Structures are given as structure tokens and as C-alpha cells.
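Here the structure comes first, spelled out in C-alpha cells, and everything after it is commentary.
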Amino acid sequence: MVASAVLGFPRIGANREIKKVVEGYWAGKTSADEVNKVSATVKKTNWTELKQRGVDYIPSGDFSLYDHVLDHSAAFNAIPKRYHGLGLSHLDTYFAMARGRQADGVDVPASEMKKWFDSNYHFVVPELDNSTDFKLNYNKALDEFKEAKEAGITTRPVVLGPITYLALSKATKDAEAGFEPISLLPKLLPVYKQLLTELKSAGAEWVQVDEPILVQDKGADFEDKFALAYAELSPVAPKIVLTTYYGRLESNLNFVAKLPVAGIHVDLDRAPQQLESTIKAVSSGSYVLSLGVVSGRSIWKTDFTVAIKAAEQAVSALGQDRVIVATSSTLLHIPVTLASEDKLTAEQKDWFSFAYEKASEVATIAAVASGSQDAKVSSALEANRTSITKRRDFEKNSDDTVRKRVAAITPDQYERKNPFATRREAQKKLNLPKFPTTTIGSFPQTKEIRQARAKLGKGEITEEEYEKFIEKEIESAVRFQERIGLDLLVHGEPERNDMVQYFGERLEGFVFTQNGWVQSYGSRYVRPPILVSDVSRKGAITVRWSKYAQSLTSKPMKGMLTGPVTILNWSFPRADISRALQAQQLALALRDEVGDLEAAGIAAIQVDEPAVREGLPLRRADWEEYLKWATSTFKLATAGVRDDTQTHSHFCYSDFDDIFPSIQSLDADVISIEASKSDLKLLNTFKRYGYSNSIGPGVYDVHSPRVPPQPEISDRIKNILASLDPTLLFVNPDCGLKTRGWKETEASLVNLVEAAKAARQQYA
Ligand code: MET
Ligand SMILES: [Zn+2]
């Protein structure tokens with residue numbers, strides 16, 4: 001029989017239970033017991049649901065209160081020194097590592113977060129050095145396996161593999177020069193051995209060991225590390241299914257197919273071309289081959305015809321018992337269930353599958369591939385055929401005006417008229433001082449703001465009342481910025497539910513879910529819009545608010561837009577046309593908006609592209625093509641402005657080194673980037689490439705509620721100026737402040753302005 005598998009599941013709960021209980025705990029309103037109780041219910045509900053839908057291999061251990069990489073660090077005792085001896089419980093230490101802690105005389109910053117592979121999920125980066133004392137503080141995989149068992153459900157525990165764990169880690173600040181986390185493999189393996197031995201004695205037949213690092217280009221001794229690790233682990237572990245996802249194995253397949261494991265999982269959604277080579281590589285051995293045919297990254301219904309064909313190909317080579325039909329990756333990246341969507345039309349709903357629905361898909365495909373096709377399976381198969389045909393018909397309705405406009409783009413539309421030096425002179429009209437201070441756009445999205453939006457949605461207040469409310473918010477944001485002495489102001493984005501959704505809602509081509517939450521980091525979830533057809537602007541999007549904000553002040557006001565690549569990467573894209581074409585359509589719509597802002601008297605316009613880096617393909621060989629369309633669409637959106645209009649762009653990451661030339665080629669007048677958590681890397685980048693336009697490396701971390709003291713910010717400015725031309729420096733936080741409260745926002749920005757003032761004196 002061909003079995004079915006799901007590799008991982010969203011953690012939030014169908015009604016956002018986990019988000020609520022965790023935030024309640026942080027606010028001191030909920031007990032740790034309550035957190036555990038709610039977690040147990042959500043886990044059990046998910047396991048039960050998967051079982052009822054006929055999934056054979058149900059994951060456990062993938063659940064997390066914040067992040068699964070952090071779960072491993074906490075369990076492995078990889079706890080950086082700054083979190084030791086604070087007198088905190090396990091749980092509070094865990095959350096202190098995740099988000100910093102500033103209470104009761106304790107003041108520790110958060111750990112660095114990074115994007116998980118090419119997704120918008122962030123993981124907490126483990127910090128290791130030779131003094132890291134690995135030991136198994138607790139066995140989460142075991143605990144959850146037992147928890148499921150008690151609920152009558154046999155699961156296949158999920159563990160992040162040792163090589164990927166170490167490859168994602170970084171050296172602590174105290175590490176010896178040249179220290180590489182991977183050198184700790186021999187010290188880490190005993191912990192994995194213990195973990196896996198305990199799982200085996202508890203009766204786990206299989207364990208899913210995730211090694212997604214295998215789809216990236218890695219150094220030469222990669223192969224030896226894998227051979228070493230799995231030779232040690234396999235004898236003591238349950239049967240291991242070595243799991244790769246998000247891309248293709250390429251030459252790594254050669255050694256992977258020799259490892260002493262019982263099964264191999266490959267992603268056939270992202271890399272369908274590896275089906276044949278994988279079958280061939282494993283056919284002579286006894287491996288089980290797990291086929292990732294149901295996408296864990298997209299919300300489109302699986303085309304059963306294609307998936308079944310792949311499964312049958314594998315079955316004919318390996319036999320039924322050696323084939324598993326699975327999701328391509330964890331389902332962490334998609335919403336929980338379509339069942340809670342009642343605003344989508346029946347036609348739209350029929351195009352999609354969310355996590356629960358994908359679980360049914362793997363079960364159906366596996367049943368067909370097993371030849372065990374009862375009436376239920378037959379009707380599921382027939383329904384899928386009908387849905388896919390309808391969607392294909394819909395896809396034929398392209399918008400000719402949009403398609404023609406894209407086809408008519410000329411090269412000059414991608415370039416500013418004059419070089420930066422000329423534009424900079426013209427932009428003196430903004431009257432900015434040396435080291436201009438600014439923020440990244442959003443101010444706290446308070447309860448009042450969210451309530452007003454909810455009331456508008458329910459029809460409890462009129463559009464007019466809502467707009468008055470937003471105007472008042474903008475006015476108080478403007479007065480606040482004037483009062484504390486910021487130089488380049490923002491309107492604060494109170495009108496935006498989300499930086500992508502807000503634009504999506506004002507463009508043709510998108511549909512929206514009510515409950516389609518996807519984890520971005522910790523308790524932060526987003527609801528990605530879904531691109532379903534060609535994109536065009538319905539009318540001006542932001543002009544009204546920027547114009548209003550500018551009317552309140554004589555200081556310059558920065559207009560604020562989300563860029564084409566970010567809108568695309570933070571939406572679920574179409575599967576029928578290329579991402580490049582979708583980005584071009586978005587760019588043309590934004591180009592019109594930029595033009596309208598300029599015409600309305602907005603002299604600085606920021607187009608945010610925080611998602612450029614995460615969209616970077618996992619294999620270097622694919623970078624050039626991506627970077628080419630990603631940078632050119634940004635330029636298409638922004639280059640149409642006059643010399644005296646200052647363009648800004650913002651990027652939320654610090655891993656710049658490898659794509660810095662592309663960032664430079666955007667030719668934005670000013671860029672702001674995340675830097676507060678990794679000064680060093682950034683400075684090296686500047687040293688290596690230099691930078692010619694203005695730049696604001698974030699001087700403090702907005703992802704933590706901690707208030708940075710002024711000397712700390714001054715220190716950062718000093719460090720940055722060691723490698724940057726002082727006439728180019730802007731002073732700003734890392735990112736927008738929408739997730740923060742006003743109290744810490746005000747305190748932090750006051751310190752920021754003071755630090756900039758001090759710098760003006762010092763570097764006069
Ligand atoms: C994730 S980047 C956010 C940029 C946006 N302008 C904001 O301030 O919120
Ligand atoms: Zn940002």
C-alpha cells in the first residue's frame with residue numbers, strides 16, 4: 001500500500017488560540033498552565049483532524065510556541081550566556097531568547113532572527129561557541145509523541161537534523177576567530193543520539209529528520225558530515241526518513257542515496273524534475289521514497305492527474321510499499337483550513353486547498369496510487385478534475401490592457417534621468433540636517449486603531465467617521481514627531497491593516513481570506529493576499545493620506561508604498577504565469593501611484609522591499625535571473641520621478657553581502673536596512689563594496705520591546721561611521737514600529753534623536 005504523509009502543520013490553531021494565549025502570557029494575563037492546556041488542545045485537534053482525513057504519517061514535535069529552531073536550542077541547552085542566571089523559568093528563558101526581556105531589573109536583548117530558507121517565516125538563530133555545553137534539557141519530540149499516543153494517535157515525530165541545525169547557527173560574540181558552528185558536530189551528536197534512542201524505546205517506528213540544507217549549495221566537506229552524523233544516529237534511532245524540501249538535491253543526491261537511513265523525502269513541487277533521478281538513485285537499495293507532490297508552499301489545489309502520474313511512476317519502479325505520497329514540505333506556510341472562509345465565492349474557494357484540505361489530498365492520491373479506489377476516492381478524483389478544468393478556464397481571461405502595457409515597457413522607464421550626485425543637489429530643498437533622523441513608516445497599531453477598523457468592517461461606523469478617526473491618528477503622529485524633533489516625517493500608516501494586504505485590496509487581481517493566517521515570527525501572523533488574475537490599480541491608493549499629513553507640517557513628509565517584489569513575495573502568487581510577469585504588472589501599478597504622490601507635492605517617497613532577499617532562489621545558479629527581474633521591477637516602479645524627489649527604500653535584513661551590488665543597482669536615493677543585530681557583517685559589506693547613495697543602517701531593533709539607551713545608539717553610529725562616508729548617513733530604527741507600544745516607541749525615538757544630535761556635534 002502507498003502511504004500518505006504530512007510533514008508539519010500550522011501551529012496557530014484554527015481560531016488563533018496559540019497566538020492569543022502566548023500574547024496573554026507575555027502580558028501577564030495568562031498562566032503557564034493555561035498556555036500548556038491550550039497548546040495540548042490545539043495539538044490534539046490537529047492530530048485528530050489529520051487522522052480522520054486518512055493521513056498515515058502524522059507529524060508531532062513540530063508544534064512550537066515561538067519557533068522550532070529555538071525549541072531545539074532550548075532543549076539542547078544551547079542557551080547564550082546572557083540568558084543564564086536571570087532566575088527565570090524554562091519558559092521565560094525561552095521567551096527571553098526569542099524576544100528579549102526588560103523587566104524586574106533584567107535587561108537582555110533578543111537573539112537574532114533570520115528568514116527560514118526562502119520563506120517569510122523567521123527562525124531564532126542559535127548562537128554557539130566552543131563553550132556551548134550541549135545536553136538534553138528535555139525531549140520535546142518524545143513528549144509530544146507520548147502526548148499523541150495518549151490521545152490514541154500514532155505519530156511520526158519530526159526533528160530538525162543536526163547538520164541543518166548547525167548550518168543555520170552562528171558563532172557567539174566571544175567565539176574564537178574562525179570558529180564555525182559545524183565544528184561542534186561531534187559534541188552535538190550524543191544529544192541527538194539520546195533524543196532518538198528515547199524515541200525508539202518509546203515505540204516510535206519512524207522519525208522524520210529534516211535536512212533542508214541539502215537543497216542549498218554547500219562546502220566540500222558537507223558529504224563527510226552527513227556520512228558521519230547518520231552513521232552514528234541510524235543504529236540507535238527509529239527508522240529515519242531523511243527529509244529535504246524547498247528545492248532540488250542536485251549532486252547531493254549522490255551521497256544522500258548512500259546514507260544509512262530508511263527513507264528519503266524529496267520536494268516535487270519546487271523541483272518536479274528530480275523525480276526520475278531520485279527513483280533511479282534509490283531503486284537498487286531498500287529505501288522508501290517519499291514524494292512531496294502536494295505543495296506546502298502554495299494554496300492552489302493539487303492537480304491530481306500530475307501527482308498520481310508521479311506516484312505511479314515511483315510505484316512501478318519501487319513497488320507500493322516503498323512509496324509515500326506526501327506534502328512537499330511542512331504546511332506551516334499556508335493557512336489552517338478553507339472551512340472558515342465564507343467571504344470567498346464558491347468559484348474562488350474551489351481553486352484552493354489549505355492545510356486540512358491538503359491533508360485530504362495526500363490521502364486521496366495515495367489511495368489512487370495504491371489501487372484502492374472506493375466510491376469516496378473516485379468522487380474526490382472526479383471533483384478535482386472538474387475544479388482544475390474550471391480554474392484553467394478562468395486563467396484564460398487575461399486583461400489585455402495590462403498585458404499590452406507590460407509588452408510596451410521601454411528601457412528608459414527603468415532609469416532615473418540623472419545620477420545621484422545631481423539629484424542630491426536638487427534634493428537639498430528638503431532641508432534635512434546632517435545625519436537626518438527618520439522612521440521606517442509605521443507607528444504602533446494600537447487597540448483603538450484595530451477596533452476602529454473592525455467597527456468599519458462591521459458597519460458600526462461610517463466610512464466618513466473612520467476617515468476622521470484616521471486623520472486624528474495621523475495628526476497626533478505628526479505632532480509627536482515634531483515634538484521629539486525627527487527630521488523626515490511619516491504619516492504612521494494607521495490606515496493599513498497590513499503593508500501588503502492594504503495594497504492588494506486596492507488593486508485588481510487579488511482575493512483575500514478572512515482567516516488565512518500564516519506565521520511570520522513568534523506570535524506574529526500575516527494573512528497573505530492571493531493573486532488570481534492580472535493586476536491593475538483601481539485608483540490612487542495612498543495619496544489622500546500622505547497629502548493630508550503633509551498639509552499639517554512644514555517638515556518634509558515621506559510617502560510610503562510597498563514594493564512590487566514584496567507584494568508578490570508576501571502574497572500567494574499565481575501558478576499559471578511567471579513571477580516576473582506578476583511583478584511587472586505590480587510595478588506598473590505602483591509607478592502610477594509614485595507619480596500621483598509626486599504630483600501631490602510629496603518630496604520623498606519610500607518604496608519598501610523587505611522581501612527581496614527571502615525571494616532569492618536557494619541555489620546560486622538561479623540568482624541572476626531572479627535578481628534581474630526583482631531589481632528591474634523596483635526601478636520600473638520608482639525611476640519615473642524628478643531629480644528633486646527623494647526615493648527611499650527599506651530592507652529588513654542584514655545579510656547583504658552577497659546581493660549588495662543588486663541593492664546598489666536599485667539606485668534609490670536613500671536605503672534603510674536592518675543592522676542593529678549584526679553591525680559587523682554590515683561594516684564588512686561596506687568595506688567590500690563601498691556605498692555611493694545615502695543609507696540608514698537601523699540603529700536599534702524594533703522586534704523587541706526593549707528601549708535602547710542613548711549611549712548604545714551613539715555607539716552604533718560611531719561604529720557605522722568607521723566605514724561609511726558621514727554625509728551619506730541617515731539615522732533610523734531597523735524597521736516599522738507597528739508591532740510596538742507607544743511607550744517604548746516614544747522612549748526609543750527620543751534616545752535616537754538625542755544620539756543623532758550628539759553625533760552632529762561630535763562630527764561637525
Ligand atoms: C517589514 S518592513 C515595514 C515597512 C513599513 N513601511 C513599516 O514601517 O511598517
Ligand atoms: Zn522592515
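Lettering and numbering for the C-alpha cells are positional, with chains as A, B, ... in the shown order, residues counted from 1 in each chain, and ligands counted from 1 in the shown order.
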
- Task: Output the neighbourhood of ligand 1 as a PyMOL selection string, that is, all protein and nucleic acid residues with some atom at most 9 Å from the ligand, counting only C-alpha atoms and all ligand atoms.
- Result: chain A and resi 439-443+492-493+498-499+560-562+606-611+650-652+734-739

- Can you tell me, as a VMD selection string, what residues are no more than 12 Å from Val293 (chain A) when counting only C-alpha atoms, ignoring any on the same chain fewer than 3 positions away? chain A and resid 4 to 7 245 to 246 265 to 275 289 to 290 296 to 298 301 to 311 314 323 to 329 358 to 359 361 to 363 365 to 366

- Message: For Ala74 (chain A), find every residue with an atom within 8 Å (counting only C-alpha atoms), except residues of its own chain fewer than 5 positions away, and show them as a VMD selection string.
- Response: chain A and resid 79 94 137

Write a file of the selected residues as a PDB file, in the first residue's frame, keeping N, CA and C atoms.
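The resulting file, again-v1.pdb, is shown below:
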```pdb
ATOM      1  N   ILE A  79      22.012  27.751  25.125  1.00  0.00           N
ATOM      2  CA  ILE A  79      21.433  28.992  25.638  1.00  0.00           C
ATOM      3  C   ILE A  79      22.568  29.984  25.862  1.00  0.00           C
ATOM      4  N   TYR A  94      13.141  30.802  27.578  1.00  0.00           N
ATOM      5  CA  TYR A  94      12.829  30.558  26.167  1.00  0.00           C
ATOM      6  C   TYR A  94      12.321  31.847  25.505  1.00  0.00           C
ATOM      7  N   ASN A 137      18.126  19.027  27.796  1.00  0.00           N
ATOM      8  CA  ASN A 137      17.359  19.541  28.932  1.00  0.00           C
ATOM      9  C   ASN A 137      15.997  18.867  29.038  1.00  0.00           C
TER      10      ASN A 137
END
```

- Query: Do you know which residues are at most 8 Å from region 232-234 of chain A counting only C-alpha atoms, after dropping those on the same chain fewer than 4 positions away, and could you put them as a PyMOL selection string?
  - Reply: chain A and resi 189+192-193+196+228+238-240+260-261

- Task: Calculate how many Å separate CA of Arg591 (chain A) from CA of Ala421 (chain A), rounding to one decimal.
- Result: 23.0 Å

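Using only C-alpha atoms, the residues found no farther than 9 Å from Val35 (chain A), other than those of its own chain fewer than 6 positions away, are A:Ile18, A:Val21, A:Val22, A:Gly24, A:Tyr25, A:Leu65.
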
Output N, CA and C atoms for every residue in that selection, as a PDB file, in the first residue's frame.
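As written to disk, result.pdb reads:
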```pdb
ATOM      1  N   ILE A  18      -3.305  29.815  19.773  1.00  0.00           N
ATOM      2  CA  ILE A  18      -1.937  29.868  20.287  1.00  0.00           C
ATOM      3  C   ILE A  18      -1.438  31.309  20.337  1.00  0.00           C
ATOM      4  N   VAL A  21      -3.086  32.951  23.432  1.00  0.00           N
ATOM      5  CA  VAL A  21      -2.656  32.521  24.768  1.00  0.00           C
ATOM      6  C   VAL A  21      -1.202  32.948  25.036  1.00  0.00           C
ATOM      7  N   VAL A  22      -0.369  32.912  24.008  1.00  0.00           N
ATOM      8  CA  VAL A  22       1.028  33.304  24.197  1.00  0.00           C
ATOM      9  C   VAL A  22       1.119  34.808  24.479  1.00  0.00           C
ATOM     10  N   GLY A  24      -1.182  36.574  25.730  1.00  0.00           N
ATOM     11  CA  GLY A  24      -1.760  36.759  27.063  1.00  0.00           C
ATOM     12  C   GLY A  24      -0.713  36.486  28.147  1.00  0.00           C
ATOM     13  N   TYR A  25       0.084  35.466  27.904  1.00  0.00           N
ATOM     14  CA  TYR A  25       1.131  35.119  28.867  1.00  0.00           C
ATOM     15  C   TYR A  25       2.174  36.233  28.955  1.00  0.00           C
ATOM     16  N   LEU A  65       5.730  27.109  20.458  1.00  0.00           N
ATOM     17  CA  LEU A  65       5.124  28.335  20.999  1.00  0.00           C
ATOM     18  C   LEU A  65       5.756  29.567  20.366  1.00  0.00           C
TER      19      LEU A  65
END
```

Non-local contacts of region 385-394 of chain A (10 Å; only C-alpha atoms; under 2 positions in same chain excluded) as a PDB file with C-alpha atoms, in the first residue's frame:
```pdb
ATOM      1  CA  TRP A 300      -3.618  26.051  -5.114  1.00  0.00           C
ATOM      2  CA  LYS A 301      -5.454  22.785  -5.346  1.00  0.00           C
ATOM      3  CA  THR A 302      -3.168  19.955  -6.373  1.00  0.00           C
ATOM      4  CA  ASP A 303      -3.694  18.711  -9.899  1.00  0.00           C
ATOM      5  CA  PHE A 304      -4.313  15.057  -9.060  1.00  0.00           C
ATOM      6  CA  THR A 305      -3.550  13.907 -12.586  1.00  0.00           C
ATOM      7  CA  GLU A 347     -15.847  29.691  -7.597  1.00  0.00           C
ATOM      8  CA  GLN A 348     -12.790  31.062  -5.738  1.00  0.00           C
ATOM      9  CA  LYS A 349     -12.981  28.570  -2.921  1.00  0.00           C
ATOM     10  CA  ASP A 350     -12.917  25.817  -5.449  1.00  0.00           C
ATOM     11  CA  TRP A 351      -9.460  26.887  -6.640  1.00  0.00           C
ATOM     12  CA  PHE A 352      -7.745  26.482  -3.268  1.00  0.00           C
ATOM     13  CA  SER A 379     -15.695  11.112  -6.343  1.00  0.00           C
ATOM     14  CA  ALA A 380     -12.777  13.100  -4.883  1.00  0.00           C
ATOM     15  CA  LEU A 381     -10.871  12.379  -8.046  1.00  0.00           C
ATOM     16  CA  GLU A 382     -13.722  13.446 -10.268  1.00  0.00           C
ATOM     17  CA  ALA A 383     -14.300  16.639  -8.233  1.00  0.00           C
ATOM     18  CA  LYS A 396      -7.623  32.345 -19.942  1.00  0.00           C
ATOM     19  CA  ASN A 397      -9.310  35.694 -19.073  1.00  0.00           C
ATOM     20  CA  SER A 398      -6.281  37.960 -19.197  1.00  0.00           C
ATOM     21  CA  VAL A 532      -5.568  35.222  -9.030  1.00  0.00           C
ATOM     22  CA  SER A 533      -5.605  37.422 -12.160  1.00  0.00           C
ATOM     23  CA  ASP A 576      -0.140  29.960 -14.357  1.00  0.00           C
TER      24      ASP A 576
END
```

- List every residue of region 202-348 of chain A that DSSP, applied to the backbone of this structure, places in alpha helix (DSSP H), and write the result as an NGL selection string. :A and (222-233 or 252-256 or 274-283 or 304-318 or 346-348)

Contacts between region 653-677 of chain A and region 92-148 of chain A, please, where a residue of region 92-148 of chain A counts if it comes within 9 Å (with only C-alpha atoms); show its shortest atom pair and distance in Å to one decimal, rows by chain and ascending number, as a Markdown table.
```
| residue | atom | partner | partner_atom | distance |
| --- | --- | --- | --- | --- |
| A:Ser111 | CA | A:Lys677 | CA | 8.2 |
| A:Glu112 | CA | A:Lys677 | CA | 6.3 |
| A:Met113 | CA | A:Lys677 | CA | 9.0 |
| A:Lys114 | CA | A:Tyr653 | CA | 7.7 |
| A:Lys115 | CA | A:Tyr653 | CA | 8.5 |
```

- Task: Would you work out the distance separating CA of Gly319 (chain A) from CA of Lys258 (chain A), expressed in Å to one decimal?
- Result: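 A separation of 19.8 Å between them.
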
- Query: Do you know which residues are at most 6 Å from Val282 (chain A) counting only C-alpha atoms, after dropping those on the same chain fewer than 3 positions away, and could you put them as an NGL selection string?
  - Reply: :A and (257 or 279 or 285)

- Task: Report as a PyMOL selection string: the residues of region 582-699 of chain A with a DSSP assignment of strand (DSSP E or B), based on the backbone of this structure.
- Result: chain A and resi 604-608+646-651+670-673+694-697

- Task: Could you jot down the CA of Ser284 (chain A) to CA of Pro212 (chain A) separation for me, Å, one decimal place?
- Result: 24.2 Å

- Restricting to only C-alpha atoms, whichever of A:Ala204, A:Val750, A:Ala407, A:Ala151 is closest to Gly485 (chain A) is A:Val750
